[in-house]
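Enquirer: Contents of target_17.cif (mmCIF, C-alpha atoms and all ligand atoms):
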```cif
data_run
#
loop_
_atom_site.group_PDB
_atom_site.id
_atom_site.type_symbol
_atom_site.label_atom_id
_atom_site.label_comp_id
_atom_site.auth_asym_id
_atom_site.auth_seq_id
_atom_site.Cartn_x
_atom_site.Cartn_y
_atom_site.Cartn_z
ATOM 1 C CA MET Y 1379 19.917 -2.902 -11.633
ATOM 2 C CA SER Y 1380 20.041 -4.176 -15.214
ATOM 3 C CA GLN Y 1381 22.677 -6.901 -14.495
ATOM 4 C CA ARG Y 1382 20.533 -8.451 -11.727
ATOM 5 C CA ALA Y 1383 18.158 -11.298 -12.477
ATOM 6 C CA LEU Y 1384 14.624 -9.919 -12.794
ATOM 7 C CA LEU Y 1385 12.206 -12.234 -10.972
ATOM 8 C CA TYR Y 1386 8.954 -10.403 -11.652
ATOM 9 C CA GLU Y 1387 7.699 -7.191 -13.221
ATOM 10 C CA GLY Y 1388 4.379 -5.762 -12.044
ATOM 11 C CA LYS Y 1389 2.485 -2.602 -12.979
ATOM 12 C CA ALA Y 1390 4.434 -0.326 -10.633
ATOM 13 C CA LYS Y 1391 7.469 -2.334 -9.481
ATOM 14 C CA LYS Y 1392 10.224 -4.674 -10.634
ATOM 15 C CA VAL Y 1393 11.471 -7.387 -8.284
ATOM 16 C CA TYR Y 1394 15.096 -8.581 -8.562
ATOM 17 C CA VAL Y 1395 17.128 -11.213 -6.746
ATOM 18 C CA GLY Y 1396 18.940 -9.806 -3.711
ATOM 19 C CA ASP Y 1397 22.422 -10.488 -2.371
ATOM 20 C CA ARG Y 1398 21.080 -13.403 -0.292
ATOM 21 C CA PRO Y 1399 18.438 -16.026 -1.104
ATOM 22 C CA ASP Y 1400 16.098 -14.668 1.591
ATOM 23 C CA GLU Y 1401 16.277 -11.073 0.257
ATOM 24 C CA LEU Y 1402 14.848 -9.235 -2.756
ATOM 25 C CA TRP Y 1403 15.467 -5.869 -4.363
ATOM 26 C CA VAL Y 1404 12.309 -3.946 -5.307
ATOM 27 C CA GLU Y 1405 12.617 -1.146 -7.867
ATOM 28 C CA PHE Y 1406 9.749 1.356 -7.999
ATOM 29 C CA LYS Y 1407 8.753 2.536 -11.503
ATOM 30 C CA ASP Y 1408 7.254 5.860 -12.610
ATOM 31 C CA ASP Y 1409 4.533 3.919 -14.510
ATOM 32 C CA ALA Y 1410 1.019 4.435 -13.204
ATOM 33 C CA THR Y 1411 -2.099 2.388 -13.861
ATOM 34 C CA ALA Y 1412 -5.648 2.585 -12.566
ATOM 35 C CA PHE Y 1413 -8.911 0.662 -12.899
ATOM 36 C CA ASN Y 1414 -7.141 -2.692 -13.111
ATOM 37 C CA GLY Y 1415 -4.697 -1.500 -15.737
ATOM 38 C CA GLN Y 1416 -7.262 0.104 -18.095
ATOM 39 C CA LYS Y 1417 -5.826 3.599 -17.572
ATOM 40 C CA ARG Y 1418 -2.074 3.989 -18.039
ATOM 41 C CA GLY Y 1419 0.424 6.803 -17.710
ATOM 42 C CA GLN Y 1420 3.588 8.003 -16.046
ATOM 43 C CA ILE Y 1421 4.034 10.210 -12.990
ATOM 44 C CA ALA Y 1422 7.391 12.017 -12.881
ATOM 45 C CA ASP Y 1423 9.595 10.695 -10.058
ATOM 46 C CA LYS Y 1424 6.769 8.535 -8.650
ATOM 47 C CA GLY Y 1425 9.185 5.630 -8.176
ATOM 48 C CA ILE Y 1426 11.481 7.776 -6.059
ATOM 49 C CA VAL Y 1427 8.597 9.140 -3.962
ATOM 50 C CA ASN Y 1428 6.946 5.740 -3.421
ATOM 51 C CA SER Y 1429 10.196 4.008 -2.519
ATOM 52 C CA GLN Y 1430 11.247 6.701 -0.041
ATOM 53 C CA VAL Y 1431 7.783 7.135 1.493
ATOM 54 C CA SER Y 1432 7.536 3.354 1.922
ATOM 55 C CA ALA Y 1433 11.004 3.185 3.531
ATOM 56 C CA ARG Y 1434 10.070 5.910 6.026
ATOM 57 C CA LEU Y 1435 6.684 4.397 6.909
ATOM 58 C CA PHE Y 1436 8.075 0.856 7.271
ATOM 59 C CA THR Y 1437 10.712 2.286 9.640
ATOM 60 C CA VAL Y 1438 8.027 4.072 11.693
ATOM 61 C CA LEU Y 1439 6.005 0.845 11.870
ATOM 62 C CA GLU Y 1440 9.021 -1.268 12.875
ATOM 63 C CA GLN Y 1441 9.682 1.231 15.686
ATOM 64 C CA ALA Y 1442 6.071 0.705 16.804
ATOM 65 C CA GLY Y 1443 6.640 -3.085 16.891
ATOM 66 C CA VAL Y 1444 5.029 -4.025 13.554
ATOM 67 C CA PRO Y 1445 7.128 -6.605 11.629
ATOM 68 C CA THR Y 1446 7.693 -5.523 7.998
ATOM 69 C CA HIS Y 1447 9.749 -6.810 5.075
ATOM 70 C CA TYR Y 1448 11.844 -3.627 4.955
ATOM 71 C CA LEU Y 1449 15.621 -4.072 5.330
ATOM 72 C CA GLY Y 1450 17.118 -0.920 3.781
ATOM 73 C CA THR Y 1451 17.561 1.132 0.628
ATOM 74 C CA VAL Y 1452 19.767 0.329 -2.374
ATOM 75 C CA ASP Y 1453 19.305 3.589 -4.282
ATOM 76 C CA GLU Y 1454 16.678 6.342 -4.468
ATOM 77 C CA ARG Y 1455 14.061 4.089 -6.105
ATOM 78 C CA THR Y 1456 15.082 0.619 -4.866
ATOM 79 C CA LEU Y 1457 14.454 -1.081 -1.504
ATOM 80 C CA ARG Y 1458 16.049 -4.168 -0.013
ATOM 81 C CA VAL Y 1459 13.355 -6.390 1.499
ATOM 82 C CA ARG Y 1460 12.866 -9.816 3.069
ATOM 83 C CA ARG Y 1461 11.495 -12.424 0.695
ATOM 84 C CA LEU Y 1462 8.020 -13.322 1.997
ATOM 85 C CA ARG Y 1463 5.526 -16.035 1.068
ATOM 86 C CA MET Y 1464 2.732 -13.634 0.139
ATOM 87 C CA ILE Y 1465 -0.904 -14.140 1.138
ATOM 88 C CA PRO Y 1466 -3.013 -13.331 -1.975
ATOM 89 C CA LEU Y 1467 -5.240 -10.817 -0.149
ATOM 90 C CA GLU Y 1468 -5.353 -7.016 -0.204
ATOM 91 C CA VAL Y 1469 -6.314 -5.664 3.214
ATOM 92 C CA VAL Y 1470 -7.969 -2.230 2.938
ATOM 93 C CA VAL Y 1471 -8.527 -0.024 5.995
ATOM 94 C CA ARG Y 1472 -10.900 2.935 5.767
ATOM 95 C CA ASN Y 1473 -11.290 5.874 8.156
ATOM 96 C CA ARG Y 1474 -13.501 7.947 5.857
ATOM 97 C CA VAL Y 1475 -15.777 7.119 2.954
ATOM 98 C CA ALA Y 1476 -14.134 7.376 -0.478
ATOM 99 C CA GLY Y 1477 -13.651 5.411 -3.694
ATOM 100 C CA SER Y 1478 -15.359 2.039 -3.902
ATOM 101 C CA LEU Y 1479 -16.954 2.373 -0.435
ATOM 102 C CA HIS Y 1480 -18.710 5.531 -1.665
ATOM 103 C CA GLN Y 1481 -19.835 3.649 -4.787
ATOM 104 C CA ARG Y 1482 -20.966 0.568 -2.824
ATOM 105 C CA THR Y 1483 -22.881 2.374 -0.056
ATOM 106 C CA GLY Y 1484 -23.872 5.785 -1.431
ATOM 107 C CA LEU Y 1485 -22.452 7.412 1.719
ATOM 108 C CA ALA Y 1486 -21.028 10.862 0.933
ATOM 109 C CA GLU Y 1487 -17.306 11.058 0.112
ATOM 110 C CA GLY Y 1488 -15.433 12.277 3.180
ATOM 111 C CA THR Y 1489 -17.936 10.964 5.766
ATOM 112 C CA ALA Y 1490 -15.936 9.971 8.884
ATOM 113 C CA LEU Y 1491 -16.539 6.350 9.907
ATOM 114 C CA LYS Y 1492 -17.227 5.768 13.638
ATOM 115 C CA GLU Y 1493 -14.946 2.721 13.582
ATOM 116 C CA PRO Y 1494 -12.350 1.937 10.912
ATOM 117 C CA VAL Y 1495 -13.715 -0.458 8.265
ATOM 118 C CA VAL Y 1496 -11.408 -3.330 7.282
ATOM 119 C CA GLU Y 1497 -12.037 -5.109 3.970
ATOM 120 C CA LEU Y 1498 -10.398 -8.063 2.216
ATOM 121 C CA TYR Y 1499 -9.945 -8.260 -1.555
ATOM 122 C CA TYR Y 1500 -8.761 -11.272 -3.576
ATOM 123 C CA LYS Y 1501 -5.431 -10.325 -5.186
ATOM 124 C CA ASN Y 1502 -6.233 -11.628 -8.660
ATOM 125 C CA ASP Y 1503 -5.876 -9.317 -11.678
ATOM 126 C CA ALA Y 1504 -7.859 -11.630 -13.981
ATOM 127 C CA LEU Y 1505 -10.878 -11.315 -11.641
ATOM 128 C CA GLY Y 1506 -10.313 -7.565 -11.021
ATOM 129 C CA ASP Y 1507 -9.379 -7.984 -7.312
ATOM 130 C CA PRO Y 1508 -12.946 -8.662 -6.043
ATOM 131 C CA LEU Y 1509 -14.159 -7.892 -2.499
ATOM 132 C CA LEU Y 1510 -14.402 -11.066 -0.386
ATOM 133 C CA ASN Y 1511 -16.141 -11.890 2.871
ATOM 134 C CA ASP Y 1512 -14.640 -14.260 5.449
ATOM 135 C CA ASP Y 1513 -16.613 -17.237 4.090
ATOM 136 C CA HIS Y 1514 -15.191 -16.594 0.607
ATOM 137 C CA VAL Y 1515 -11.669 -16.471 2.047
ATOM 138 C CA ARG Y 1516 -12.304 -19.828 3.747
ATOM 139 C CA ALA Y 1517 -13.878 -21.402 0.623
ATOM 140 C CA LEU Y 1518 -10.899 -20.308 -1.486
ATOM 141 C CA GLU Y 1519 -8.514 -21.535 1.258
ATOM 142 C CA LEU Y 1520 -6.583 -18.248 1.052
ATOM 143 C CA ALA Y 1521 -6.052 -18.065 4.825
ATOM 144 C CA PRO Y 1522 -7.497 -19.882 7.868
ATOM 145 C CA PRO Y 1523 -9.843 -17.900 10.171
ATOM 146 C CA ALA Y 1524 -7.145 -17.306 12.819
ATOM 147 C CA VAL Y 1525 -4.881 -15.759 10.182
ATOM 148 C CA VAL Y 1526 -7.718 -13.565 8.870
ATOM 149 C CA GLU Y 1527 -8.230 -12.399 12.458
ATOM 150 C CA ALA Y 1528 -4.497 -11.632 12.774
ATOM 151 C CA LEU Y 1529 -4.555 -9.688 9.481
ATOM 152 C CA ARG Y 1530 -7.492 -7.594 10.648
ATOM 153 C CA SER Y 1531 -5.985 -6.785 14.038
ATOM 154 C CA GLU Y 1532 -2.539 -6.011 12.537
ATOM 155 C CA ALA Y 1533 -4.204 -3.744 9.948
ATOM 156 C CA ARG Y 1534 -6.042 -1.848 12.721
ATOM 157 C CA ARG Y 1535 -2.813 -1.439 14.700
ATOM 158 C CA ILE Y 1536 -1.006 -0.148 11.590
ATOM 159 C CA ASN Y 1537 -3.903 2.259 11.013
ATOM 160 C CA GLN Y 1538 -3.479 3.716 14.507
ATOM 161 C CA VAL Y 1539 0.257 4.290 14.006
ATOM 162 C CA LEU Y 1540 -0.028 5.723 10.484
ATOM 163 C CA SER Y 1541 -3.113 7.890 11.159
ATOM 164 C CA ARG Y 1542 -1.228 9.590 14.008
ATOM 165 C CA PHE Y 1543 1.952 9.918 11.937
ATOM 166 C CA PHE Y 1544 0.124 11.582 9.022
ATOM 167 C CA ALA Y 1545 -2.034 13.775 11.311
ATOM 168 C CA ASP Y 1546 1.158 15.182 12.871
ATOM 169 C CA ARG Y 1547 2.138 16.256 9.326
ATOM 170 C CA GLY Y 1548 -1.183 17.873 8.371
ATOM 171 C CA LEU Y 1549 -2.542 14.902 6.411
ATOM 172 C CA ILE Y 1550 -5.714 12.836 6.829
ATOM 173 C CA LEU Y 1551 -5.231 9.113 6.182
ATOM 174 C CA VAL Y 1552 -8.581 8.447 4.469
ATOM 175 C CA ASP Y 1553 -7.909 4.811 3.517
ATOM 176 C CA PHE Y 1554 -5.081 2.510 2.458
ATOM 177 C CA LYS Y 1555 -4.230 -0.981 1.211
ATOM 178 C CA LEU Y 1556 -1.821 -3.470 2.793
ATOM 179 C CA GLU Y 1557 -0.377 -6.812 1.716
ATOM 180 C CA PHE Y 1558 1.055 -9.377 4.115
ATOM 181 C CA GLY Y 1559 3.208 -12.479 3.863
ATOM 182 C CA TRP Y 1560 5.129 -15.007 5.920
ATOM 183 C CA ASP Y 1561 8.766 -14.751 6.964
ATOM 184 C CA GLN Y 1562 9.132 -18.361 8.206
ATOM 185 C CA ASP Y 1563 6.150 -18.463 10.611
ATOM 186 C CA ARG Y 1564 6.076 -14.722 11.331
ATOM 187 C CA LEU Y 1565 3.359 -12.572 9.742
ATOM 188 C CA CYS Y 1566 5.053 -9.591 8.090
ATOM 189 C CA LEU Y 1567 3.822 -6.479 6.297
ATOM 190 C CA GLY Y 1568 5.059 -6.435 2.683
ATOM 191 C CA ASP Y 1569 4.604 -4.528 -0.594
ATOM 192 C CA GLU Y 1570 4.544 -0.701 -0.281
ATOM 193 C CA ILE Y 1571 2.800 2.129 1.551
ATOM 194 C CA SER Y 1572 2.715 5.185 -0.691
ATOM 195 C CA PRO Y 1573 0.448 7.731 -2.397
ATOM 196 C CA ASP Y 1574 -0.363 4.881 -4.856
ATOM 197 C CA THR Y 1575 -1.818 2.740 -2.062
ATOM 198 C CA CYS Y 1576 -3.181 5.374 0.369
ATOM 199 C CA ARG Y 1577 -5.698 8.189 0.099
ATOM 200 C CA LEU Y 1578 -4.198 11.249 1.769
ATOM 201 C CA TRP Y 1579 -6.032 14.569 2.081
ATOM 202 C CA ASP Y 1580 -4.659 17.880 3.306
ATOM 203 C CA GLN Y 1581 -6.176 18.476 6.771
ATOM 204 C CA ALA Y 1582 -6.881 22.179 6.147
ATOM 205 C CA THR Y 1583 -8.081 22.206 2.517
ATOM 206 C CA LEU Y 1584 -9.117 18.533 2.007
ATOM 207 C CA GLU Y 1585 -7.071 18.646 -1.206
ATOM 208 C CA LYS Y 1586 -6.314 15.133 -2.518
ATOM 209 C CA LEU Y 1587 -2.589 14.331 -2.434
ATOM 210 C CA ASP Y 1588 -2.593 10.773 -3.810
ATOM 211 C CA LYS Y 1589 -3.273 8.597 -6.853
ATOM 212 C CA ASP Y 1590 -6.871 9.856 -7.100
ATOM 213 C CA ARG Y 1591 -5.323 12.910 -8.859
ATOM 214 C CA PHE Y 1592 -4.225 10.496 -11.629
ATOM 215 C CA ARG Y 1593 -7.344 8.270 -11.512
ATOM 216 C CA ARG Y 1594 -9.683 11.284 -11.796
ATOM 217 C CA ASP Y 1595 -7.518 13.547 -14.028
ATOM 218 C CA LEU Y 1596 -7.297 16.265 -11.367
ATOM 219 C CA GLY Y 1597 -3.858 17.559 -12.534
ATOM 220 C CA GLY Y 1598 -0.860 18.347 -10.334
ATOM 221 C CA VAL Y 1599 -0.159 14.635 -9.841
ATOM 222 C CA ALA Y 1600 3.654 14.717 -9.558
ATOM 223 C CA GLU Y 1601 3.483 17.824 -7.347
ATOM 224 C CA ALA Y 1602 1.075 16.064 -4.958
ATOM 225 C CA TYR Y 1603 3.369 13.023 -4.705
ATOM 226 C CA ARG Y 1604 6.390 15.264 -4.020
ATOM 227 C CA GLN Y 1605 4.437 17.105 -1.341
ATOM 228 C CA VAL Y 1606 3.626 13.837 0.415
ATOM 229 C CA LEU Y 1607 7.322 12.877 0.378
ATOM 230 C CA ALA Y 1608 8.311 16.274 1.829
ATOM 231 C CA ARG Y 1609 5.752 15.979 4.650
ATOM 232 C CA VAL Y 1610 6.569 12.343 5.426
ATOM 233 C CA MET Y 1611 10.261 13.268 5.769
ATOM 234 C CA GLN Y 1612 9.464 16.043 8.333
HETATM 235 P P1 LIG J 1701 -10.918 1.675 -3.345
HETATM 236 O O1 LIG J 1701 -11.752 2.745 -2.693
HETATM 237 O O2 LIG J 1701 -10.738 1.881 -4.827
HETATM 238 O O3 LIG J 1701 -11.412 0.300 -3.013
HETATM 239 O O4 LIG J 1701 -9.431 1.785 -2.729
HETATM 240 C C1 LIG J 1701 -9.217 1.694 -1.344
HETATM 241 C C2 LIG J 1701 -7.751 1.963 -1.037
HETATM 242 O O5 LIG J 1701 -6.922 0.946 -1.574
HETATM 243 C C3 LIG J 1701 -7.209 3.280 -1.627
HETATM 244 O O6 LIG J 1701 -6.369 3.893 -0.668
HETATM 245 C C4 LIG J 1701 -6.415 2.869 -2.816
HETATM 246 C C5 LIG J 1701 -5.955 1.480 -2.462
HETATM 247 N N1 LIG J 1701 -5.883 0.615 -3.637
HETATM 248 C C6 LIG J 1701 -4.670 0.020 -3.998
HETATM 249 O O7 LIG J 1701 -3.645 0.246 -3.363
HETATM 250 N N2 LIG J 1701 -4.660 -0.806 -5.078
HETATM 251 C C7 LIG J 1701 -5.762 -1.086 -5.805
HETATM 252 O O8 LIG J 1701 -5.675 -1.851 -6.776
HETATM 253 C C8 LIG J 1701 -7.016 -0.475 -5.421
HETATM 254 C C9 LIG J 1701 -8.275 -0.739 -6.185
HETATM 255 C C10 LIG J 1701 -7.018 0.346 -4.323
HETATM 256 N N1 LIG J 1702 -3.514 -0.428 -8.964
HETATM 257 C C1 LIG J 1702 -4.703 -0.754 -9.700
HETATM 258 C C2 LIG J 1702 -4.433 -0.793 -11.192
HETATM 259 O O1 LIG J 1702 -3.355 -0.811 -11.655
HETATM 260 C C3 LIG J 1702 -5.909 0.049 -9.384
HETATM 261 C C4 LIG J 1702 -5.805 1.406 -8.743
HETATM 262 O O2 LIG J 1702 -4.885 1.727 -8.011
HETATM 263 O O3 LIG J 1702 -6.739 2.195 -8.966
HETATM 264 O O4 LIG J 1702 -5.279 -0.785 -12.015
#
```
Output the structure of this file as structure tokens.
Ligand code: TMP
Ligand code: ASP
Expert:
Amino acid sequence: MSQRALLYEGKAKKVYVGDRPDELWVEFKDDATAFNGQKRGQIADKGIVNSQVSARLFTVLEQAGVPTHYLGTVDERTLRVRRLRMIPLEVVVRNRVAGSLHQRTGLAEGTALKEPVVELYYKNDALGDPLLNDDHVRALELAPPAVVEALRSEARRINQVLSRFFADRGLILVDFKLEFGWDQDRLCLGDEISPDTCRLWDQATLEKLDKDRFRRDLGGVAEAYRQVLARVMQ
């Protein structure tokens, strides 16, 4: 990848030019950060796991009729994707209480929500990705109300597909984060779907098999990531 022009390097990925102007190559790194970059480390083979899990889940979603940026794989840690005009929002879907929803509401971790909760966060590292309501999104002119509505309904549809997919493999999809962008005038799912961006618990033991093992120093981080890859490939 080193000969390709690097367009952008983030905390977990490097983005390179593709073979065509409307394509990008995304290389997944083993670097891990948490708490807006305050905690740093490496997870062995994380880049391989996150790239391959994302490829599989994007393929499952495409088959269910959800447009995504995924085009194919280049190597074990690099995906070929459509270049999107990204919307600077993180769309989080929650099926059970965990993480910041536990902190914000005091509801016990693991509590099943009657309806999925969809939240919007402003993708802005300098501000620490704050939670926004729909009025904030409008005031910041991040997306018009009809687009916010489309993001919410697409996120719920993705949740239905992925919750079923993980349940069939013995995993509970507790919550996850999505990012969307525009391919011409078509709303497309971008970024990644991986143990970095999802909370996944074993159905039988409720063991955490995601980045919370790194965030909370629970040990067995690389093993958990590898286990997710093995189950997703079933
Ligand atoms: P939270 O409970 O910390 O708000 O996280 C909700 C979900 O979003 C969880 O599955 C982890 C994911 N997430 C990201 O992918 N990136 C982030 O920067 C954060 C804070 C959460
Ligand atoms: N990805 C974020 C960071 O790098 C936060 C997280 O996943 O906990 O800090």
Enquirer: On this file, the PyMOL selection byres (((chain Y and resi 1591) around 12) and not hetatm) gives some set of residues; write that set as number ranges by chain.
Expert: Y: 1410, 1412, 1421, 1573-1574, 1577-1579, 1585-1590, 1592-1603
Enquirer: Keeping only C-alpha atoms, write the selected residues as an mmCIF file, in the frame of the given file.
Expert:
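Writing the result to result_9.cif gives the following:
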```
data_model
loop_
_atom_site.group_PDB
_atom_site.id
_atom_site.type_symbol
_atom_site.label_atom_id
_atom_site.label_comp_id
_atom_site.auth_asym_id
_atom_site.auth_seq_id
_atom_site.Cartn_x
_atom_site.Cartn_y
_atom_site.Cartn_z
ATOM 1 C CA ALA Y 1410 1.019 4.435 -13.204
ATOM 2 C CA ALA Y 1412 -5.648 2.585 -12.566
ATOM 3 C CA ILE Y 1421 4.034 10.210 -12.990
ATOM 4 C CA PRO Y 1573 0.448 7.731 -2.397
ATOM 5 C CA ASP Y 1574 -0.363 4.881 -4.856
ATOM 6 C CA ARG Y 1577 -5.698 8.189 0.099
ATOM 7 C CA LEU Y 1578 -4.198 11.249 1.769
ATOM 8 C CA TRP Y 1579 -6.032 14.569 2.081
ATOM 9 C CA GLU Y 1585 -7.071 18.646 -1.206
ATOM 10 C CA LYS Y 1586 -6.314 15.133 -2.518
ATOM 11 C CA LEU Y 1587 -2.589 14.331 -2.434
ATOM 12 C CA ASP Y 1588 -2.593 10.773 -3.810
ATOM 13 C CA LYS Y 1589 -3.273 8.597 -6.853
ATOM 14 C CA ASP Y 1590 -6.871 9.856 -7.100
ATOM 15 C CA PHE Y 1592 -4.225 10.496 -11.629
ATOM 16 C CA ARG Y 1593 -7.344 8.270 -11.512
ATOM 17 C CA ARG Y 1594 -9.683 11.284 -11.796
ATOM 18 C CA ASP Y 1595 -7.518 13.547 -14.028
ATOM 19 C CA LEU Y 1596 -7.297 16.265 -11.367
ATOM 20 C CA GLY Y 1597 -3.858 17.559 -12.534
ATOM 21 C CA GLY Y 1598 -0.860 18.347 -10.334
ATOM 22 C CA VAL Y 1599 -0.159 14.635 -9.841
ATOM 23 C CA ALA Y 1600 3.654 14.717 -9.558
ATOM 24 C CA GLU Y 1601 3.483 17.824 -7.347
ATOM 25 C CA ALA Y 1602 1.075 16.064 -4.958
ATOM 26 C CA TYR Y 1603 3.369 13.023 -4.705
#
```
Enquirer: Contacts between ligand LIG 1702 (chain J) and chain Y, please, where a residue of chain Y counts if it comes within 6 Å (with all atoms listed in the file); show its shortest atom pair and distance in Å to one decimal, rows by chain and ascending number, as a Markdown table.
Expert:
```
| residue | atom | partner | partner_atom | distance |
| --- | --- | --- | --- | --- |
| Y:Thr1411 | CA | J:LIG1702 | O1 | 4.1 |
| Y:Ala1412 | CA | J:LIG1702 | O4 | 3.4 |
| Y:Phe1413 | CA | J:LIG1702 | O4 | 4.0 |
| Y:Asn1414 | CA | J:LIG1702 | O4 | 2.9 |
| Y:Gly1415 | CA | J:LIG1702 | O4 | 3.8 |
```
Enquirer: Do you know which residues are at most 9 Å from segment 1486-1495 of chain Y counting all atoms listed in the file, after dropping those on the same chain fewer than 5 positions away, and could you put them as a list in words?
Expert: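 Once the nearby chain positions are removed, what remains is Val1470, Val1471, Arg1472, Asn1473, Arg1474, Val1475, Ala1476, Gly1477, Leu1479, His1480, Arg1534, Asn1537, Val1552 and Leu1584 of chain Y.
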Enquirer: Go ahead and write the residues just picked, C-alpha atoms, as a short mmCIF file (atom, residue, chain, number, x, y, z; two decimals), in the coordinates of the input.
Expert:
```
data_model
loop_
_atom_site.label_atom_id
_atom_site.label_comp_id
_atom_site.auth_asym_id
_atom_site.auth_seq_id
_atom_site.Cartn_x
_atom_site.Cartn_y
_atom_site.Cartn_z
CA VAL Y 1470 -7.97 -2.23 2.94
CA VAL Y 1471 -8.53 -0.02 6.00
CA ARG Y 1472 -10.90 2.94 5.77
CA ASN Y 1473 -11.29 5.87 8.16
CA ARG Y 1474 -13.50 7.95 5.86
CA VAL Y 1475 -15.78 7.12 2.95
CA ALA Y 1476 -14.13 7.38 -0.48
CA GLY Y 1477 -13.65 5.41 -3.69
CA LEU Y 1479 -16.95 2.37 -0.44
CA HIS Y 1480 -18.71 5.53 -1.66
CA ARG Y 1534 -6.04 -1.85 12.72
CA ASN Y 1537 -3.90 2.26 11.01
CA VAL Y 1552 -8.58 8.45 4.47
CA LEU Y 1584 -9.12 18.53 2.01
#
```
Enquirer: Give me, as a VMD selection string, all polymer residues having an atom no more than 9 Å from segment 1467-1469 of chain Y, counting all atoms listed in the file and skipping those fewer than 3 positions away in the same chain.
Expert: chain Y and resid 1464 1496 to 1502 1507 1515 1520 to 1521 1529 to 1530 1533 1554 to 1558
Enquirer: Could you write out that same residue set with C-alpha atoms as a tab-separated table (two decimals), in the coordinates of the input?
Expert:
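Contents of selection-v3.tsv, freshly written:
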```tsv
chain	number	residue	atom	x	y	z
Y	1464	MET	CA	2.73	-13.63	0.14
Y	1496	VAL	CA	-11.41	-3.33	7.28
Y	1497	GLU	CA	-12.04	-5.11	3.97
Y	1498	LEU	CA	-10.40	-8.06	2.22
Y	1499	TYR	CA	-9.94	-8.26	-1.56
Y	1500	TYR	CA	-8.76	-11.27	-3.58
Y	1501	LYS	CA	-5.43	-10.32	-5.19
Y	1502	ASN	CA	-6.23	-11.63	-8.66
Y	1507	ASP	CA	-9.38	-7.98	-7.31
Y	1515	VAL	CA	-11.67	-16.47	2.05
Y	1520	LEU	CA	-6.58	-18.25	1.05
Y	1521	ALA	CA	-6.05	-18.07	4.82
Y	1529	LEU	CA	-4.56	-9.69	9.48
Y	1530	ARG	CA	-7.49	-7.59	10.65
Y	1533	ALA	CA	-4.20	-3.74	9.95
Y	1554	PHE	CA	-5.08	2.51	2.46
Y	1555	LYS	CA	-4.23	-0.98	1.21
Y	1556	LEU	CA	-1.82	-3.47	2.79
Y	1557	GLU	CA	-0.38	-6.81	1.72
Y	1558	PHE	CA	1.06	-9.38	4.12
```
Enquirer: Provide the atom CA of Leu1518 of chain Y to atom CA of Val1444 of chain Y distance in Å, to one decimal place.
Expert: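 Going from atom CA of Leu1518 of chain Y over to atom CA of Val1444 of chain Y, I get 27.3 Å.
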Enquirer: Given the choices Y:Leu1549, Y:Leu1435, Y:Val1606, Y:Ala1442, which gets closest to Asp1580 of chain Y if the distance is worked out from all atoms listed in the file?
Expert: Y:Leu1549
Enquirer: What is the atom CA of Asp1400 of chain Y-atom CA of Arg1460 of chain Y distance in Å, reported with one decimal?
Expert: 6.0 Å
Enquirer: Segment 1426-1429 of chain Y, all listed atoms, 3 Å padding on each side: what axis-aligned box centre and edge lengths in Å to one decimal come out, as lines of an AutoDock Vina configuration file?
Expert:
```
center_x = 9.2
center_y = 6.6
center_z = -4.3
size_x = 10.5
size_y = 11.1
size_z = 9.5
```
Enquirer: Using all atoms listed in the file, which of the listed residues (Y:Leu1439, Y:Val1404, Y:Val1610, Y:Val1452) sits closest to Ala1545 of chain Y?
Expert: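 When distances to Ala1545 of chain Y are compared using all atoms listed in the file, the smallest one comes from Y:Val1610.
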